[in-house]
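Trainee: Have a peek at data-v1.txt (compact mmCIF, C-alpha atoms).
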```
# COMPACT_ATOMS: atom_id res chain seq x y z
CA MET A 1 -27.48 -24.92 25.28
CA LYS A 2 -28.30 -25.07 21.59
CA ALA A 3 -26.04 -26.01 18.69
CA ILE A 4 -26.21 -25.62 14.94
CA TYR A 5 -23.73 -26.28 12.13
CA LYS A 6 -23.12 -24.42 8.89
CA LYS A 7 -21.17 -25.44 5.80
CA TYR A 8 -18.85 -22.93 4.14
CA THR A 9 -16.76 -23.29 0.98
CA LEU A 10 -13.41 -21.48 0.86
CA ASP A 11 -12.17 -20.46 -2.60
CA PHE A 12 -8.45 -20.43 -3.35
CA LYS A 13 -7.09 -17.24 -4.89
CA ARG A 14 -5.19 -19.40 -7.32
CA PRO A 15 -5.19 -23.20 -7.83
CA SER A 16 -2.72 -24.67 -5.34
CA GLY A 17 -0.80 -27.79 -6.34
CA THR A 18 0.22 -30.77 -4.24
CA SER A 19 1.37 -34.24 -5.27
CA ARG A 20 -2.21 -35.41 -4.66
CA GLY A 21 -3.69 -32.91 -7.08
CA VAL A 22 -4.63 -29.27 -7.49
CA LEU A 23 -6.87 -27.54 -4.94
CA THR A 24 -9.35 -24.85 -5.99
CA GLN A 25 -11.79 -25.05 -3.05
CA LYS A 26 -11.79 -26.21 0.55
CA GLU A 27 -14.95 -27.32 2.36
CA THR A 28 -15.36 -26.52 6.01
CA TRP A 29 -18.13 -26.55 8.62
CA PHE A 30 -18.74 -24.40 11.69
CA ILE A 31 -20.34 -25.56 14.93
CA ILE A 32 -22.05 -22.66 16.68
CA LEU A 33 -23.11 -22.95 20.31
CA LYS A 34 -25.59 -20.67 22.09
CA ASN A 35 -26.24 -20.55 25.81
CA ASP A 36 -28.27 -17.63 27.19
CA ASN A 37 -26.61 -14.53 25.70
CA LYS A 38 -23.27 -16.19 24.96
CA THR A 39 -22.12 -17.67 21.65
CA GLY A 40 -19.21 -19.96 20.75
CA ILE A 41 -17.83 -21.07 17.40
CA GLY A 42 -15.53 -23.84 16.22
CA GLU A 43 -14.34 -24.99 12.79
CA CYS A 44 -14.52 -28.56 11.51
CA GLY A 45 -12.47 -28.81 8.34
CA ILE A 46 -11.64 -31.86 6.27
CA LEU A 47 -9.23 -32.37 3.40
CA ARG A 48 -10.88 -34.46 0.70
CA GLY A 49 -9.03 -37.71 0.05
CA LEU A 50 -6.84 -37.28 3.12
CA SER A 51 -8.92 -36.81 6.27
CA ILE A 52 -9.96 -40.07 7.94
CA ASP A 53 -13.43 -38.54 8.40
CA ASP A 54 -13.94 -37.76 4.71
CA VAL A 55 -17.02 -40.00 4.73
CA PRO A 56 -20.55 -39.80 3.23
CA ASN A 57 -22.24 -39.47 6.65
CA TYR A 58 -20.11 -36.51 7.81
CA GLU A 59 -22.96 -34.00 7.95
CA GLU A 60 -25.20 -36.65 9.50
CA LYS A 61 -22.66 -36.93 12.32
CA LEU A 62 -22.54 -33.15 12.70
CA ASN A 63 -26.32 -33.11 12.97
CA TRP A 64 -26.18 -35.84 15.63
CA VAL A 65 -23.65 -33.79 17.61
CA CYS A 66 -25.86 -30.71 17.51
CA ASN A 67 -28.89 -32.72 18.63
CA ASN A 68 -26.92 -34.24 21.51
CA ILE A 69 -24.90 -31.21 22.62
CA HIS A 70 -26.40 -31.60 26.11
CA LEU A 71 -24.15 -34.65 26.62
CA GLY A 72 -21.20 -32.33 27.14
CA LEU A 73 -17.75 -32.08 25.62
CA GLU A 74 -16.05 -35.12 27.15
CA VAL A 75 -18.83 -37.57 26.28
CA LEU A 76 -19.05 -36.23 22.75
CA LEU A 77 -15.27 -36.35 22.22
CA ASN A 78 -15.21 -40.01 23.26
CA ASP A 79 -17.97 -40.81 20.78
CA LEU A 80 -16.21 -38.95 17.95
CA THR A 81 -12.92 -40.85 17.87
CA GLU A 82 -13.25 -41.51 14.14
CA PHE A 83 -14.21 -37.88 13.43
CA PRO A 84 -11.11 -35.93 14.51
CA SER A 85 -12.13 -32.73 12.69
CA ILE A 86 -15.45 -32.63 14.58
CA GLN A 87 -13.58 -33.26 17.84
CA PHE A 88 -11.45 -30.23 17.04
CA GLY A 89 -14.44 -28.07 16.13
CA LEU A 90 -16.18 -28.98 19.40
CA GLU A 91 -13.10 -28.20 21.49
CA GLN A 92 -12.95 -24.76 19.90
CA ALA A 93 -16.67 -24.12 20.26
CA PHE A 94 -16.77 -24.96 23.98
CA LEU A 95 -13.68 -22.83 24.67
CA SER A 96 -15.19 -20.01 22.63
CA LEU A 97 -18.50 -20.23 24.49
CA THR A 98 -16.92 -19.88 27.93
CA ALA A 99 -14.44 -17.14 26.96
CA ASP A 100 -15.02 -13.42 27.55
CA ASN A 101 -14.22 -12.91 23.87
CA PRO A 102 -15.40 -15.77 21.59
CA PHE A 103 -12.18 -15.45 19.54
CA ILE A 104 -9.74 -15.48 22.49
CA LEU A 105 -9.64 -19.18 23.29
CA PHE A 106 -6.30 -19.09 25.10
CA GLU A 107 -5.16 -16.01 27.00
CA ASN A 108 -1.42 -15.78 26.45
CA ASN A 109 1.16 -13.36 25.09
CA PHE A 110 0.16 -14.21 21.51
CA SER A 111 -3.54 -13.40 21.91
CA ILE A 112 -3.17 -10.57 24.45
CA LYS A 113 0.25 -8.97 23.89
CA GLU A 114 0.81 -9.52 20.14
CA ALA A 115 3.81 -11.84 20.65
CA PRO A 116 4.70 -13.35 17.24
CA ILE A 117 4.98 -17.02 16.31
CA PRO A 118 7.74 -17.79 13.74
CA ILE A 119 6.28 -19.63 10.74
CA ASN A 120 7.50 -21.17 7.51
CA GLY A 121 6.75 -19.60 4.14
CA LEU A 122 4.86 -22.14 2.03
CA ILE A 123 5.79 -22.69 -1.63
CA TRP A 124 3.07 -24.43 -3.66
CA MET A 125 3.75 -26.73 -6.59
CA GLY A 126 3.35 -25.39 -10.08
CA GLU A 127 5.32 -24.29 -13.11
CA GLU A 128 8.99 -23.66 -12.43
CA SER A 129 8.59 -19.91 -13.00
CA PHE A 130 5.67 -19.76 -10.55
CA MET A 131 7.58 -21.65 -7.85
CA HIS A 132 10.61 -19.43 -8.34
CA GLN A 133 8.39 -16.36 -8.10
CA GLN A 134 6.92 -17.62 -4.81
CA ILE A 135 10.39 -18.29 -3.38
CA GLN A 136 11.58 -14.77 -4.20
CA GLN A 137 8.46 -13.26 -2.64
CA LYS A 138 8.83 -15.27 0.60
CA LEU A 139 12.46 -14.21 0.94
CA LYS A 140 11.44 -10.60 0.29
CA ASP A 141 8.74 -10.92 2.96
CA GLY A 142 11.33 -11.76 5.59
CA PHE A 143 10.87 -15.51 5.99
CA ASN A 144 13.95 -17.37 7.24
CA CYS A 145 12.20 -20.75 6.99
CA ILE A 146 10.76 -21.90 3.67
CA LYS A 147 8.77 -25.07 3.05
CA MET A 148 8.49 -26.26 -0.54
CA LYS A 149 6.03 -28.88 -1.73
CA ILE A 150 7.75 -31.34 -4.06
CA GLY A 151 6.85 -34.50 -5.93
CA ALA A 152 4.52 -33.26 -8.66
CA ILE A 153 6.88 -31.76 -11.23
CA ASP A 154 10.23 -33.05 -12.48
CA PHE A 155 12.52 -33.89 -9.52
CA ASP A 156 15.59 -32.36 -11.20
CA THR A 157 13.70 -29.07 -11.60
CA GLU A 158 12.73 -29.12 -7.93
CA VAL A 159 16.33 -29.74 -6.94
CA SER A 160 17.51 -26.86 -9.12
CA LEU A 161 15.00 -24.55 -7.42
CA LEU A 162 16.37 -25.54 -4.01
CA LYS A 163 19.92 -25.10 -5.27
CA SER A 164 19.06 -21.58 -6.42
CA ILE A 165 18.22 -20.69 -2.81
CA ARG A 166 21.34 -22.36 -1.42
CA LYS A 167 23.58 -20.46 -3.83
CA THR A 168 22.62 -17.27 -2.04
CA TYR A 169 21.60 -18.37 1.46
CA LYS A 170 23.39 -20.82 3.74
CA LYS A 171 21.45 -23.09 6.07
CA GLU A 172 22.21 -20.71 8.97
CA GLU A 173 20.40 -17.94 7.06
CA ILE A 174 17.46 -19.81 5.49
CA GLU A 175 16.01 -23.05 6.82
CA LEU A 176 14.63 -25.20 4.00
CA ARG A 177 11.95 -27.85 4.51
CA VAL A 178 10.37 -29.97 1.80
CA ASP A 179 7.09 -31.87 1.76
CA ALA A 180 6.72 -34.82 -0.62
CA ASN A 181 3.17 -35.75 0.48
CA GLY A 182 4.08 -39.42 -0.02
CA ALA A 183 5.15 -38.98 -3.66
CA PHE A 184 8.45 -40.93 -3.62
CA LYS A 185 8.52 -44.58 -4.71
CA GLU A 186 11.27 -47.21 -4.70
CA ASP A 187 13.89 -44.54 -5.38
CA ALA A 188 13.09 -42.71 -2.13
CA LEU A 189 16.49 -43.20 -0.49
CA ASP A 190 18.36 -42.08 -3.63
CA LYS A 191 16.29 -38.89 -3.70
CA LEU A 192 16.87 -38.30 0.00
CA LYS A 193 20.62 -38.51 -0.56
CA ILE A 194 20.43 -35.88 -3.30
CA LEU A 195 18.27 -33.58 -1.17
CA ALA A 196 20.54 -34.01 1.85
CA GLU A 197 23.39 -32.38 -0.10
CA LEU A 198 21.36 -29.14 -0.06
CA ASP A 199 21.49 -28.78 3.74
CA LEU A 200 17.74 -29.18 4.16
CA HIS A 201 16.15 -29.19 7.60
CA SER A 202 13.78 -32.10 6.91
CA ILE A 203 11.42 -33.81 4.50
CA GLU A 204 7.77 -34.51 5.28
CA GLN A 205 6.27 -37.88 4.39
CA PRO A 206 8.65 -39.03 1.61
CA ILE A 207 6.60 -42.20 0.95
CA LYS A 208 2.91 -42.98 1.31
CA GLN A 209 1.61 -43.65 4.78
CA GLY A 210 0.66 -47.11 5.97
CA ASN A 211 3.88 -49.02 5.29
CA TYR A 212 5.47 -49.05 8.75
CA ALA A 213 8.28 -51.42 7.82
CA LYS A 214 9.40 -49.42 4.79
CA MET A 215 9.17 -46.10 6.64
CA LYS A 216 11.06 -47.55 9.60
CA ASN A 217 13.90 -48.70 7.33
CA LEU A 218 13.97 -45.30 5.62
CA CYS A 219 14.10 -43.40 8.94
CA ALA A 220 16.92 -45.65 10.14
CA VAL A 221 19.27 -44.88 7.24
CA THR A 222 18.11 -41.49 5.93
CA PRO A 223 20.75 -38.76 5.55
CA LEU A 224 17.92 -36.21 5.84
CA PRO A 225 15.61 -36.00 8.89
CA ILE A 226 12.13 -37.37 8.14
CA ALA A 227 8.93 -35.87 9.52
CA LEU A 228 5.75 -37.96 9.65
CA ASP A 229 2.59 -36.14 8.63
CA GLU A 230 -0.06 -38.23 6.85
CA GLU A 231 1.29 -41.25 8.76
CA LEU A 232 -0.45 -39.98 11.93
CA ILE A 233 -3.91 -39.82 10.37
CA GLY A 234 -6.34 -42.49 11.54
CA VAL A 235 -4.13 -43.68 14.40
CA PHE A 236 -6.46 -43.69 17.41
CA GLY A 237 -5.59 -44.16 21.07
CA VAL A 238 -2.35 -43.76 23.02
CA THR A 239 -1.40 -47.43 22.59
CA LYS A 240 -1.55 -47.28 18.78
CA LYS A 241 0.29 -43.96 18.73
CA LYS A 242 3.03 -45.36 20.95
CA GLU A 243 3.34 -48.42 18.72
CA LEU A 244 3.75 -46.26 15.60
CA LEU A 245 6.45 -44.05 17.09
CA GLN A 246 8.35 -46.95 18.65
CA THR A 247 8.24 -48.89 15.38
CA ILE A 248 9.11 -46.17 12.87
CA GLN A 249 11.29 -43.97 15.13
CA PRO A 250 11.02 -40.84 12.96
CA GLN A 251 13.11 -37.74 13.51
CA TYR A 252 10.01 -35.47 13.63
CA ILE A 253 6.21 -35.59 13.63
CA ILE A 254 3.88 -32.86 12.33
CA LEU A 255 0.59 -32.14 14.04
CA LYS A 256 -2.52 -30.93 12.25
CA PRO A 257 -5.25 -30.76 14.94
CA SER A 258 -8.08 -31.16 12.39
CA LEU A 259 -6.59 -34.47 11.25
CA VAL A 260 -5.42 -36.01 14.54
CA GLY A 261 -8.19 -35.27 17.04
CA GLY A 262 -7.88 -31.64 17.98
CA PHE A 263 -5.90 -30.25 20.89
CA LYS A 264 -6.36 -33.39 22.98
CA GLY A 265 -5.24 -35.76 20.24
CA SER A 266 -2.30 -33.52 19.31
CA GLN A 267 -1.17 -33.29 22.94
CA GLU A 268 -1.10 -37.09 23.17
CA TRP A 269 1.25 -37.19 20.17
CA ILE A 270 3.45 -34.44 21.64
CA SER A 271 3.78 -36.16 25.01
CA LEU A 272 4.84 -39.42 23.36
CA ALA A 273 7.20 -37.66 20.94
CA GLU A 274 8.99 -35.91 23.78
CA LYS A 275 9.22 -39.18 25.69
CA TYR A 276 10.97 -40.81 22.70
CA ASN A 277 13.13 -37.77 21.87
CA ILE A 278 11.26 -37.05 18.61
CA GLY A 279 10.93 -33.45 17.46
CA TRP A 280 7.58 -31.93 16.46
CA TRP A 281 5.85 -28.85 15.11
CA VAL A 282 2.28 -27.78 14.40
CA THR A 283 0.65 -26.82 11.11
CA SER A 284 -2.82 -25.82 10.03
CA ALA A 285 -4.81 -27.96 7.60
CA LEU A 286 -5.96 -25.08 5.38
CA GLU A 287 -8.62 -23.91 7.82
CA SER A 288 -10.27 -20.51 7.58
CA ASN A 289 -9.04 -17.79 9.93
CA ILE A 290 -11.41 -19.11 12.61
CA GLY A 291 -9.65 -22.47 12.87
CA LEU A 292 -6.23 -20.96 12.20
CA ASN A 293 -6.74 -18.52 15.06
CA ALA A 294 -7.52 -21.36 17.46
CA ILE A 295 -4.49 -23.37 16.35
CA ALA A 296 -2.15 -20.38 16.62
CA GLN A 297 -3.28 -19.44 20.13
CA TRP A 298 -2.91 -23.04 21.32
CA THR A 299 0.45 -23.46 19.60
CA TYR A 300 1.93 -20.39 21.25
CA GLY A 301 1.18 -21.94 24.64
CA LEU A 302 3.32 -24.96 23.75
CA GLN A 303 6.38 -22.68 23.72
CA SER A 304 8.07 -24.36 20.76
CA LYS A 305 11.03 -22.45 19.33
CA MET A 306 10.66 -23.98 15.85
CA PRO A 307 8.91 -22.22 12.96
CA GLN A 308 5.34 -23.54 12.73
CA GLY A 309 3.15 -24.08 9.66
CA LEU A 310 0.56 -21.38 10.27
CA GLY A 311 0.80 -19.11 7.23
CA THR A 312 -2.23 -20.30 5.25
CA GLY A 313 -4.73 -17.52 6.05
CA SER A 314 -4.09 -15.54 2.87
CA LEU A 315 -4.85 -18.40 0.48
CA TYR A 316 -8.55 -17.63 0.02
CA THR A 317 -10.65 -14.96 -1.68
CA ASN A 318 -13.46 -15.34 0.86
CA ASN A 319 -11.70 -15.88 4.18
CA PHE A 320 -12.96 -13.90 7.17
CA ASN A 321 -11.31 -10.66 8.23
CA SER A 322 -9.42 -11.23 11.46
CA PRO A 323 -6.66 -9.78 13.67
CA LEU A 324 -4.24 -12.41 12.34
CA GLU A 325 -1.36 -10.82 10.44
CA VAL A 326 1.67 -12.39 8.78
CA SER A 327 4.76 -10.21 8.52
CA ASN A 328 8.53 -10.69 8.74
CA GLY A 329 8.18 -14.46 8.75
CA ALA A 330 5.82 -14.61 11.73
CA ILE A 331 2.11 -14.60 12.55
CA SER A 332 0.70 -12.20 15.13
CA TYR A 333 -2.69 -11.30 16.64
CA ARG A 334 -3.00 -7.54 16.15
CA LYS A 335 -5.16 -5.47 18.49
CA THR A 336 -5.56 -2.80 15.81
CA LEU A 337 -7.31 -5.29 13.50
CA ASN A 338 -10.83 -6.60 14.03
CA TRP A 339 -12.82 -9.71 13.32
CA GLN A 340 -15.33 -9.42 10.51
CA GLN A 341 -18.36 -7.58 11.83
CA ASN A 342 -21.27 -9.82 12.88
CA LEU A 343 -19.29 -12.89 11.74
CA ILE A 344 -20.93 -15.45 14.01
CA GLU A 345 -24.41 -13.92 13.59
CA ASP A 346 -24.12 -13.99 9.80
CA LEU A 347 -23.07 -17.65 9.83
CA CYS A 348 -26.14 -18.46 11.93
CA ILE A 349 -28.50 -17.13 9.25
```
Could you render the structure from this file as structure tokens?
Mentor:
Amino acid sequence: MKAIYKKYTLDFKRPSGTSRGVLTQKETWFIILKNDNKTGIGECGILRGLSIDDVPNYEEKLNWVCNNIHLGLEVLLNDLTEFPSIQFGLEQAFLSLTADNPFILFENNFSIKEAPIPINGLIWMGEESFMHQQIQQKLKDGFNCIKMKIGAIDFDTEVSLLKSIRKTYKKEEIELRVDANGAFKEDALDKLKILAELDLHSIEQPIKQGNYAKMKNLCAVTPLPIALDEELIGVFGVTKKKELLQTIQPQYIILKPSLVGGFKGSQEWISLAEKYNIGWWVTSALESNIGLNAIAQWTYGLQSKMPQGLGTGSLYTNNFNSPLEVSNGAISYRKTLNWQQNLIEDLCI
């Protein structure tokens, strides 16, 4: 078996705002495996300033992995604990290599029979008019679950945008989620009380990660269910994961395989969450369609009834053509659509 890696820069169609800043590009890397006449591919994507493996020696580690691919998946995964995005890329690549079709990693009704996965429509931060425009488009596109990023513009403006949806749609018609990306400060509980009046489903990461005591207190008294997202990053091993969930006792956790150790790391979180009666859902971490495809196929197999966060494939000008299609508030794998011709071969050049 031989392995190589290739870097690829994804360009956003339009700058996308979060409380941590505005994104214009997203760096990602592909691990490509070759064994006889078979080829496998996996995506290793990091989010600058957020991923625990956003470190100077990232490509050096990728090079080490490729030079030691003969060690096998399990040995490599154990050595890559602090590089969750590479763990995820390797899991994909090995599944891809052994599959009949390198893009069908999990044979299920999603990948074979076009069964849809309900997803949320994502509203990016920006000027009020732009956010309102996005909301109207998502509703027009048939989404019945909308997730709005908040925390970067004036809070009162964000609340008024949410109110504008609630004036027309009740919670039974449109599920509203918000994501603060850790933006709230000492006034977090006061803001949660205001948001709770709008019949929201949940809020992701209201305060910055790393303050277990403060987050625990917030989860204990919140009038609005709290979902941990960034809080899960950099928590390695079942014991540490168990300690976090038992201490904070959140209402939900959100799983981004690239950030928490791939399928294996995500499954550990899910097993613990279900043990402690904590809800969960899966989202992408702005991967290209290669990583998004892997996450979607795996997620379908989990049989969650909740809308997932898998609608990010249309963000880029230079994403790869794929059978993934978003319509009527769901993502599907369409047999009538094809992967970009010679995709893996071109990446190898």
Trainee: Determine, counting only C-alpha atoms, which protein, DNA and RNA residues have an atom within 6 Å of an atom of region 51-55 of chain A; residues of the same chain fewer than 3 positions away are not included. Present the result as a ChimeraX atom specification.
Mentor: /A:46-47,58,83,234,259
Trainee: For C-alpha atoms, I'd like the residues from the last selection saved as a PDB file, in the frame of the given file.
Mentor:
```
ATOM      1  CA  ILE A  46     -11.640 -31.860   6.270  1.00  0.00           C
ATOM      2  CA  LEU A  47      -9.230 -32.370   3.400  1.00  0.00           C
ATOM      3  CA  TYR A  58     -20.110 -36.510   7.810  1.00  0.00           C
ATOM      4  CA  PHE A  83     -14.210 -37.880  13.430  1.00  0.00           C
ATOM      5  CA  GLY A 234      -6.340 -42.490  11.540  1.00  0.00           C
ATOM      6  CA  LEU A 259      -6.590 -34.470  11.250  1.00  0.00           C
TER       7      LEU A 259
END
```
Trainee: Fewer than 5 positions away in the same chain doesn't count, so skip those; otherwise give me all residues within 12 Å of Asn63 (chain A), counting only C-alpha atoms, as a VMD selection string.
Mentor: chain A and resid 2 to 7 29 to 32 57 to 58 68 to 69 86
Trainee: Calculated over only C-alpha atoms, which of the candidates A:Leu162, A:Phe106, A:Tyr8, A:Gly261 has the smallest distance to Leu77 (chain A)?
Mentor: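 Ranking A:Leu162, A:Phe106, A:Tyr8, A:Gly261 by distance to Leu77 (chain A), first place goes to A:Gly261.
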Trainee: Tell me which of A:Leu272, A:Leu315, A:Leu139, A:Ala196 sits closest to Pro15 (chain A), counting only C-alpha atoms.
Mentor: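 Residue with the minimum atom-to-atom distance to Pro15 (chain A): A:Leu315.
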Trainee: May I have the residues within 12 Å of Tyr333 (chain A) as a list in words, using only C-alpha atoms and disregarding those fewer than 6 positions away in the same chain?
Mentor: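 Selected residues are Phe103, Ile104, Glu107, Asn108, Asn109, Phe110, Ser111, Ile112, Lys113, Glu114, Ala115, Pro116, Ile117, Asn289, Leu292, Asn293, Ala294, Ala296, Gln297, Tyr300, Ser322, Pro323, Leu324, Glu325, Val326, Ser327 and Trp339 of chain A.
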Trainee: A:Pro250, A:Pro225, A:Gly142, A:Gly45: which is nearest His201 (chain A), counting only C-alpha atoms?
Mentor: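 Looking only at the distances to His201 (chain A), the closest residue turns out to be A:Pro225.
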Trainee: Please list as an NGL selection string every residue within 12 Å of Ala180 (chain A), counting all atoms listed in the file and excluding residues in the same chain fewer than 4 positions away.
Mentor: :A and (17-20 or 124-125 or 147-153 or 155 or 158 or 184-185 or 188 or 191-192 or 195 or 202-209 or 226-230)
Trainee: Next, write the just-selected residues to a file, as a short mmCIF file (atom, residue, chain, number, x, y, z; two decimals), in the frame of the given file, keeping C-alpha atoms as the atom set.
Mentor:
```
data_model
loop_
_atom_site.label_atom_id
_atom_site.label_comp_id
_atom_site.auth_asym_id
_atom_site.auth_seq_id
_atom_site.Cartn_x
_atom_site.Cartn_y
_atom_site.Cartn_z
CA GLY A 17 -0.80 -27.79 -6.34
CA THR A 18 0.22 -30.77 -4.24
CA SER A 19 1.37 -34.24 -5.27
CA ARG A 20 -2.21 -35.41 -4.66
CA TRP A 124 3.07 -24.43 -3.66
CA MET A 125 3.75 -26.73 -6.59
CA LYS A 147 8.77 -25.07 3.05
CA MET A 148 8.49 -26.26 -0.54
CA LYS A 149 6.03 -28.88 -1.73
CA ILE A 150 7.75 -31.34 -4.06
CA GLY A 151 6.85 -34.50 -5.93
CA ALA A 152 4.52 -33.26 -8.66
CA ILE A 153 6.88 -31.76 -11.23
CA PHE A 155 12.52 -33.89 -9.52
CA GLU A 158 12.73 -29.12 -7.93
CA PHE A 184 8.45 -40.93 -3.62
CA LYS A 185 8.52 -44.58 -4.71
CA ALA A 188 13.09 -42.71 -2.13
CA LYS A 191 16.29 -38.89 -3.70
CA LEU A 192 16.87 -38.30 0.00
CA LEU A 195 18.27 -33.58 -1.17
CA SER A 202 13.78 -32.10 6.91
CA ILE A 203 11.42 -33.81 4.50
CA GLU A 204 7.77 -34.51 5.28
CA GLN A 205 6.27 -37.88 4.39
CA PRO A 206 8.65 -39.03 1.61
CA ILE A 207 6.60 -42.20 0.95
CA LYS A 208 2.91 -42.98 1.31
CA GLN A 209 1.61 -43.65 4.78
CA ILE A 226 12.13 -37.37 8.14
CA ALA A 227 8.93 -35.87 9.52
CA LEU A 228 5.75 -37.96 9.65
CA ASP A 229 2.59 -36.14 8.63
CA GLU A 230 -0.06 -38.23 6.85
#
```
Trainee: Grab the CA of Trp269 (chain A) to CA of Gln246 (chain A) distance for me, in Å with one decimal place.
Mentor: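 Going from CA of Trp269 (chain A) over to CA of Gln246 (chain A) covers 12.2 Å.
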Trainee: Restricting the calculation to all atoms listed in the file, which member of A:Ile290, A:Glu127, A:Tyr276, A:Ser160 is positioned closest to Ser16 (chain A)?
Mentor: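 Selected residue with least distance to Ser16 (chain A): A:Glu127.
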Trainee: Nearest to Pro223 (chain A) among A:Lys241, A:Lys163, A:Lys305, A:Lys193, with distances taken over all atoms listed in the file: which residue is it?
Mentor: A:Lys193
Trainee: Give as a VMD selection string every residue, naming chains and numbers as the document does, that has an atom within 12 Å of (22.6, -21.1, 3.8), counting only C-alpha atoms.
Mentor: chain A and resid 144 to 146 162 to 176 197 to 201
Trainee: The centre and edge lengths of an axis-aligned box containing all atoms of region 116-126 of chain A present in the file, extended by 5 Å on each side, are to be given in Å to one decimal, as AutoDock Vina command-line options.
Mentor:
```
--center_x 5.4 --center_y -20.0 --center_z 3.6 --size_x 14.7 --size_y 23.4 --size_z 37.3
```
Trainee: Given only C-alpha atoms as the basis, pick out the residue of A:Glu287, A:Asp36, A:Glu268, A:Asp190 nearest to Ser314 (chain A).
Mentor: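 When distances to Ser314 (chain A) are compared using only C-alpha atoms, the smallest one comes from A:Glu287.
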Trainee: Rounded to one decimal in Å, what is the spacing between CA of Met131 (chain A) and CA of Asp154 (chain A)?
Mentor: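 That distance, rounded to one decimal, is 12.6 Å.
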Trainee: Near Gln249 (chain A), within 8 Å and counting all atoms listed in the file, which residues show up once chain neighbours fewer than 4 positions away are dropped, as a PyMOL selection string?
Mentor: chain A and resi 216+219-220+244-245+278
Trainee: State, in Å with one decimal place, the distance from CA of Glu231 (chain A) to CA of Gln25 (chain A).
Mentor: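 CA of Gln25 (chain A) lies 23.9 Å from CA of Glu231 (chain A).
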